[in-house]
Amino acid sequence: MVPMNKKTVSLVLGSGGARGLAHIGVIKWLEEHGFHITSVSGSSMGALVGGIYASGKLNEFEQWVSAIRKVDIVALLDISWSKNGLIKGDKIINTLVELIGDRIIEDLPVTFTAVAVDIKKEKEVWLNSGKLFDAIRASMSLPLFFTPFKYKGVELIDGGVLNPVPIAPTFWDRNDYTIVVNLNGPIQNAKVHKKTSQIPEDNALLLREKINNFIDRFNFPDTNKASRDWGAYDVVSQAFDAMQSSIARQKLAAYPPDYIVEIARNACGALEFDRASEMIMFGYECANKQLSQAIKENHDKKR
């Protein structure tokens, strides 16, 4: 049941690594301003945040990720160094399942679709049934970084390879608005200013202990993981961002949504999850500035 006087929204959350934490801020702004999100479609990090939101556990995830430090990120990367990818991804997914629960997509209170890519057939795959974190893991299988995820016998990779802003799964929604959050927006000169965490110190200590317990529980043996040189990945990440930016522009031009929130693609690095608090606030600020203006202009045109 949609609350009275609320506009329904199909929310499209784009791919872009740690910049995707800005999605949390955008969702907060929408909820605070009378929008009711009934459908979420996401690629990669957009699938992760969108899936957790659809499960009703976004607040828990926000608190958890806001307490993460760089050393925790390294500890959560189970190095594979196979020919298919650097990271297996088991630690990250098992940690999130422990935090959120092993949910089934069909049972979620919000309609959810994760977009991945069948690289052999060169086509998108929409995952809207089965285990939530299987769909999320498939959607975030960034080439050369995460190993591909085998889903029903098919090897899937990151949805952002073909569709960094997956609008198409929302075409059949009967909502008032389709709103896209594009993490590959134009580069901005001003840097995102670092902001201190809003979590009280006592709560932060409890979260710190919880994070350590999660990591210890899935402490698979790795070798020299802290000393690896990630410079090569940085180059690949920048190239991937440039590719996604180009594809996103084409998708948005072909299928314009009602409203767009643009997050600058240089707002933070793909693996800078230790900057969660500031990226969440940045997403809120971008939504406040861009959506407020766009909605006002749209309202003025109809008068």
# chains A, B, ... in the order shown; residues from 1 in each chain; ligands from 1
>>> residues_around(residues="Glu106 (chain A)", least_positions_apart="5", cutoff="9 Å", atoms="only C-alpha atoms", output="NGL selection string")
:A and (111-112 or 128-132)
>>> residues_around(residues="Arg137 (chain A)", least_positions_apart="5", cutoff="9 Å", atoms="only C-alpha atoms", output="NGL selection string")
:A and (44 or 47-48 or 89 or 93 or 132 or 148-149 or 157-158)
>>> atom_distance(atom1="CA of Ala135 (chain A)", atom2="CA of Lys121 (chain A)")
18.3 Å
>>> closest_residue(among="A:Ile136, A:Ile187, A:Val181, A:Val117", to="Glu155 (chain A)", atoms="only C-alpha atoms")
A:Val117
>>> atom_distance(atom1="CA of Lys251 (chain A)", atom2="CA of Val165 (chain A)")
7.2 Å
>>> closest_residue(among="A:Asp102, A:Asp258, A:Glu285, A:Glu60", to="Val180 (chain A)", atoms="only C-alpha atoms")
A:Asp258
>>> closest_residue(among="A:Leu96, A:Val71, A:Ile167, A:Ala114", to="Leu271 (chain A)", atoms="only C-alpha atoms")
A:Val71
>>> residues_around(residues="Phe171 (chain A)", least_positions_apart="5", cutoff="10 Å", atoms="only C-alpha atoms", output="MDAnalysis selection string")
chainID A and resid 10 178 255
>>> atom_distance(atom1="CA of Leu13 (chain A)", atom2="CA of Ile179 (chain A)")
8.7 Å
>>> select_by_dssp(residues="region 55-202 of chain A", states="strand (DSSP E)", output="VMD selection string")
chain A and resid 79 to 82 85 to 87 111 to 118 123 to 127 144 to 146 149 to 151 154 to 158 177 to 185
>>> residues_around(residues="Ile260 (chain A)", least_positions_apart="3", cutoff="12 Å", atoms="only C-alpha atoms", output="number ranges by chain")
A: 10-14, 26, 165, 167, 177-185, 248-249, 252-253, 255-257, 263, 286-295
>>> write_last_selection(atoms="N, CA, C and O atoms", output="compact mmCIF listing (two decimals), in the first residue's frame")
# COMPACT_ATOMS: atom_id res chain seq x y z
N SER A 10 10.27 4.49 -9.69
CA SER A 10 11.15 3.42 -10.15
C SER A 10 12.56 4.00 -10.09
O SER A 10 12.87 4.96 -10.80
N LEU A 11 13.41 3.43 -9.26
CA LEU A 11 14.74 3.97 -9.03
C LEU A 11 15.79 3.12 -9.75
O LEU A 11 15.84 1.90 -9.57
N VAL A 12 16.61 3.78 -10.56
CA VAL A 12 17.67 3.11 -11.32
C VAL A 12 19.01 3.54 -10.75
O VAL A 12 19.36 4.72 -10.77
N LEU A 13 19.76 2.56 -10.23
CA LEU A 13 21.03 2.86 -9.55
C LEU A 13 22.20 2.34 -10.39
O LEU A 13 22.31 1.13 -10.63
N GLY A 14 23.06 3.26 -10.80
CA GLY A 14 24.13 2.92 -11.72
C GLY A 14 25.35 2.29 -11.06
O GLY A 14 25.47 2.22 -9.84
N VAL A 26 21.10 9.55 -1.86
CA VAL A 26 19.99 9.87 -2.76
C VAL A 26 18.70 9.24 -2.25
O VAL A 26 17.64 9.89 -2.22
N VAL A 165 23.57 2.11 -16.48
CA VAL A 165 22.35 2.74 -15.94
C VAL A 165 21.15 1.94 -16.46
O VAL A 165 20.51 2.32 -17.45
N ILE A 167 17.94 1.17 -17.15
CA ILE A 167 16.58 1.71 -17.13
C ILE A 167 15.56 0.70 -17.64
O ILE A 167 14.42 0.65 -17.16
N TYR A 177 7.23 8.33 -11.42
CA TYR A 177 8.50 8.82 -11.95
C TYR A 177 9.50 7.68 -12.08
O TYR A 177 9.48 6.71 -11.32
N THR A 178 10.40 7.84 -13.05
CA THR A 178 11.61 7.04 -13.13
C THR A 178 12.78 7.97 -12.84
O THR A 178 12.95 8.99 -13.52
N ILE A 179 13.55 7.64 -11.83
CA ILE A 179 14.68 8.47 -11.42
C ILE A 179 15.96 7.65 -11.53
O ILE A 179 16.04 6.53 -10.99
N VAL A 180 16.95 8.19 -12.23
CA VAL A 180 18.23 7.52 -12.44
C VAL A 180 19.32 8.20 -11.62
O VAL A 180 19.40 9.44 -11.58
N VAL A 181 20.17 7.40 -10.99
CA VAL A 181 21.38 7.91 -10.35
C VAL A 181 22.57 7.41 -11.16
O VAL A 181 22.87 6.21 -11.16
N ASN A 182 23.20 8.33 -11.87
CA ASN A 182 24.32 8.00 -12.76
C ASN A 182 25.64 8.32 -12.04
O ASN A 182 25.92 9.48 -11.73
N LEU A 183 26.44 7.29 -11.79
CA LEU A 183 27.71 7.47 -11.08
C LEU A 183 28.86 7.85 -12.01
O LEU A 183 30.00 7.95 -11.56
N ASN A 184 28.55 8.05 -13.26
CA ASN A 184 29.59 8.38 -14.25
C ASN A 184 29.33 9.76 -14.84
O ASN A 184 29.49 9.98 -16.03
N GLY A 185 28.95 10.69 -13.96
CA GLY A 185 28.69 12.05 -14.39
C GLY A 185 29.95 12.81 -14.74
O GLY A 185 31.07 12.32 -14.55
N ALA A 248 26.73 5.21 -20.62
CA ALA A 248 25.65 5.84 -19.84
C ALA A 248 25.04 7.01 -20.59
O ALA A 248 23.80 7.17 -20.62
N ARG A 249 25.87 7.83 -21.23
CA ARG A 249 25.35 8.96 -21.99
C ARG A 249 24.44 8.49 -23.12
O ARG A 249 23.38 9.08 -23.37
N LEU A 252 21.09 7.14 -21.58
CA LEU A 252 20.23 8.21 -21.07
C LEU A 252 19.63 9.04 -22.20
O LEU A 252 18.52 9.55 -22.09
N ALA A 253 20.38 9.18 -23.29
CA ALA A 253 19.86 9.91 -24.45
C ALA A 253 18.77 9.10 -25.15
O ALA A 253 17.77 9.65 -25.61
N TYR A 255 16.88 6.63 -23.74
CA TYR A 255 15.74 6.37 -22.86
C TYR A 255 15.75 7.36 -21.70
O TYR A 255 16.10 7.02 -20.58
N PRO A 256 15.42 8.62 -21.97
CA PRO A 256 15.50 9.64 -20.93
C PRO A 256 14.52 9.38 -19.79
O PRO A 256 13.33 9.18 -20.03
N PRO A 257 15.01 9.35 -18.56
CA PRO A 257 14.12 9.19 -17.41
C PRO A 257 13.45 10.52 -17.08
O PRO A 257 13.72 11.54 -17.72
N ILE A 263 26.41 11.93 -10.39
CA ILE A 263 27.52 11.89 -9.44
C ILE A 263 28.81 11.93 -10.25
O ILE A 263 29.02 11.07 -11.11
N CYS A 286 23.87 16.08 -3.72
CA CYS A 286 23.63 16.09 -5.17
C CYS A 286 22.13 15.95 -5.47
O CYS A 286 21.59 16.65 -6.33
N ALA A 287 21.46 15.05 -4.74
CA ALA A 287 20.02 14.89 -4.93
C ALA A 287 19.29 16.17 -4.56
O ALA A 287 18.38 16.60 -5.28
N ASN A 288 19.68 16.77 -3.45
CA ASN A 288 19.01 17.99 -2.99
C ASN A 288 19.15 19.12 -4.01
O ASN A 288 18.17 19.81 -4.32
N LYS A 289 20.33 19.25 -4.55
CA LYS A 289 20.59 20.33 -5.51
C LYS A 289 19.95 20.05 -6.87
O LYS A 289 19.22 20.88 -7.43
N GLN A 290 20.20 18.86 -7.40
CA GLN A 290 19.78 18.56 -8.76
C GLN A 290 18.28 18.24 -8.87
O GLN A 290 17.60 18.72 -9.78
N LEU A 291 17.77 17.44 -7.94
CA LEU A 291 16.36 17.09 -8.03
C LEU A 291 15.45 18.25 -7.65
O LEU A 291 14.41 18.46 -8.28
N SER A 292 15.84 19.00 -6.63
CA SER A 292 15.02 20.15 -6.23
C SER A 292 14.85 21.12 -7.39
O SER A 292 13.75 21.59 -7.67
N GLN A 293 15.96 21.38 -8.09
CA GLN A 293 15.91 22.31 -9.22
C GLN A 293 15.10 21.74 -10.37
O GLN A 293 14.26 22.42 -10.96
N ALA A 294 15.33 20.46 -10.70
CA ALA A 294 14.63 19.85 -11.82
C ALA A 294 13.13 19.74 -11.56
O ALA A 294 12.30 19.99 -12.45
N ILE A 295 12.75 19.38 -10.34
CA ILE A 295 11.34 19.25 -10.00
C ILE A 295 10.66 20.62 -10.03
O ILE A 295 9.52 20.76 -10.50
>>> residues_around(residues="His36 (chain A)", least_positions_apart="4", cutoff="7 Å", atoms="only C-alpha atoms", output="number ranges by chain")
A: 6-9, 31
>>> decode(residues="region 53-66 of chain A", atoms="all heavy atoms", output="short mmCIF file (atom, residue, chain, number, x, y, z; two decimals), in the first residue's frame")
data_model
loop_
_atom_site.label_atom_id
_atom_site.label_comp_id
_atom_site.auth_asym_id
_atom_site.auth_seq_id
_atom_site.Cartn_x
_atom_site.Cartn_y
_atom_site.Cartn_z
N TYR A 53 18.60 -2.12 -0.02
CA TYR A 53 17.44 -1.25 0.23
C TYR A 53 16.14 -2.03 0.08
O TYR A 53 15.24 -1.93 0.91
CB TYR A 53 17.44 -0.06 -0.72
CG TYR A 53 16.15 0.74 -0.62
CD1 TYR A 53 15.94 1.60 0.44
CD2 TYR A 53 15.14 0.58 -1.57
CE1 TYR A 53 14.73 2.30 0.56
CE2 TYR A 53 13.94 1.27 -1.45
CZ TYR A 53 13.75 2.13 -0.40
OH TYR A 53 12.56 2.80 -0.25
N ALA A 54 16.03 -2.81 -0.99
CA ALA A 54 14.81 -3.58 -1.24
C ALA A 54 14.54 -4.59 -0.13
O ALA A 54 13.39 -4.96 0.10
CB ALA A 54 14.91 -4.29 -2.59
N SER A 55 15.58 -5.02 0.56
CA SER A 55 15.41 -5.97 1.65
C SER A 55 15.04 -5.30 2.97
O SER A 55 14.76 -5.97 3.96
CB SER A 55 16.70 -6.79 1.85
OG SER A 55 17.72 -5.98 2.45
N GLY A 56 15.05 -3.95 2.98
CA GLY A 56 14.70 -3.21 4.19
C GLY A 56 15.82 -3.07 5.18
O GLY A 56 15.59 -2.74 6.35
N LYS A 57 17.07 -3.29 4.74
CA LYS A 57 18.21 -3.29 5.66
C LYS A 57 19.23 -2.20 5.35
O LYS A 57 20.40 -2.32 5.72
CB LYS A 57 18.90 -4.66 5.61
CG LYS A 57 18.05 -5.80 6.12
CD LYS A 57 17.91 -5.77 7.63
CE LYS A 57 17.21 -7.01 8.16
NZ LYS A 57 17.14 -7.02 9.63
N LEU A 58 18.80 -1.13 4.68
CA LEU A 58 19.78 -0.11 4.27
C LEU A 58 20.39 0.61 5.47
O LEU A 58 21.58 0.94 5.45
CB LEU A 58 19.12 0.90 3.33
CG LEU A 58 20.09 1.84 2.60
CD1 LEU A 58 21.04 1.04 1.72
CD2 LEU A 58 19.34 2.86 1.75
N ASN A 59 19.63 0.86 6.51
CA ASN A 59 20.18 1.54 7.69
C ASN A 59 21.29 0.72 8.34
O ASN A 59 22.34 1.26 8.73
CB ASN A 59 19.08 1.81 8.72
CG ASN A 59 18.14 2.92 8.27
OD1 ASN A 59 18.49 3.74 7.44
ND2 ASN A 59 16.94 2.93 8.81
N GLU A 60 21.09 -0.60 8.44
CA GLU A 60 22.12 -1.46 9.02
C GLU A 60 23.38 -1.46 8.16
O GLU A 60 24.50 -1.40 8.67
CB GLU A 60 21.59 -2.89 9.16
CG GLU A 60 20.54 -3.07 10.23
CD GLU A 60 19.12 -2.77 9.77
OE1 GLU A 60 18.96 -2.11 8.70
OE2 GLU A 60 18.18 -3.19 10.45
N PHE A 61 23.18 -1.51 6.85
CA PHE A 61 24.33 -1.49 5.95
C PHE A 61 25.07 -0.15 6.03
O PHE A 61 26.30 -0.11 6.05
CB PHE A 61 23.88 -1.73 4.51
CG PHE A 61 24.98 -1.63 3.49
CD1 PHE A 61 25.99 -2.58 3.43
CD2 PHE A 61 25.03 -0.56 2.60
CE1 PHE A 61 27.02 -2.48 2.50
CE2 PHE A 61 26.05 -0.44 1.67
CZ PHE A 61 27.05 -1.40 1.63
N GLU A 62 24.32 0.95 6.10
CA GLU A 62 24.96 2.26 6.19
C GLU A 62 25.84 2.36 7.44
O GLU A 62 26.97 2.84 7.38
CB GLU A 62 23.90 3.36 6.23
CG GLU A 62 24.50 4.76 6.37
CD GLU A 62 23.48 5.86 6.55
OE1 GLU A 62 22.27 5.56 6.46
OE2 GLU A 62 23.88 7.00 6.79
N GLN A 63 25.33 1.91 8.57
CA GLN A 63 26.11 1.96 9.81
C GLN A 63 27.37 1.10 9.69
O GLN A 63 28.46 1.49 10.11
CB GLN A 63 25.26 1.51 10.99
CG GLN A 63 24.17 2.49 11.36
CD GLN A 63 23.45 2.09 12.63
OE1 GLN A 63 23.75 1.07 13.24
NE2 GLN A 63 22.47 2.89 13.02
N TRP A 64 27.19 -0.08 9.09
CA TRP A 64 28.31 -1.00 8.96
C TRP A 64 29.40 -0.44 8.04
O TRP A 64 30.57 -0.39 8.39
CB TRP A 64 27.80 -2.35 8.43
CG TRP A 64 28.86 -3.38 8.26
CD1 TRP A 64 29.37 -4.20 9.23
CD2 TRP A 64 29.55 -3.71 7.06
NE1 TRP A 64 30.33 -5.02 8.70
CE2 TRP A 64 30.47 -4.74 7.36
CE3 TRP A 64 29.48 -3.23 5.74
CZ2 TRP A 64 31.31 -5.31 6.41
CZ3 TRP A 64 30.31 -3.79 4.79
CH2 TRP A 64 31.22 -4.82 5.12
N VAL A 65 28.99 0.01 6.86
CA VAL A 65 29.99 0.48 5.89
C VAL A 65 30.64 1.79 6.34
O VAL A 65 31.79 2.07 6.01
CB VAL A 65 29.35 0.62 4.49
CG1 VAL A 65 28.51 1.88 4.35
CG2 VAL A 65 30.41 0.59 3.39
N SER A 66 29.91 2.60 7.12
CA SER A 66 30.47 3.86 7.61
C SER A 66 31.57 3.64 8.65
O SER A 66 32.34 4.56 8.94
CB SER A 66 29.37 4.74 8.21
OG SER A 66 28.44 5.12 7.22
#
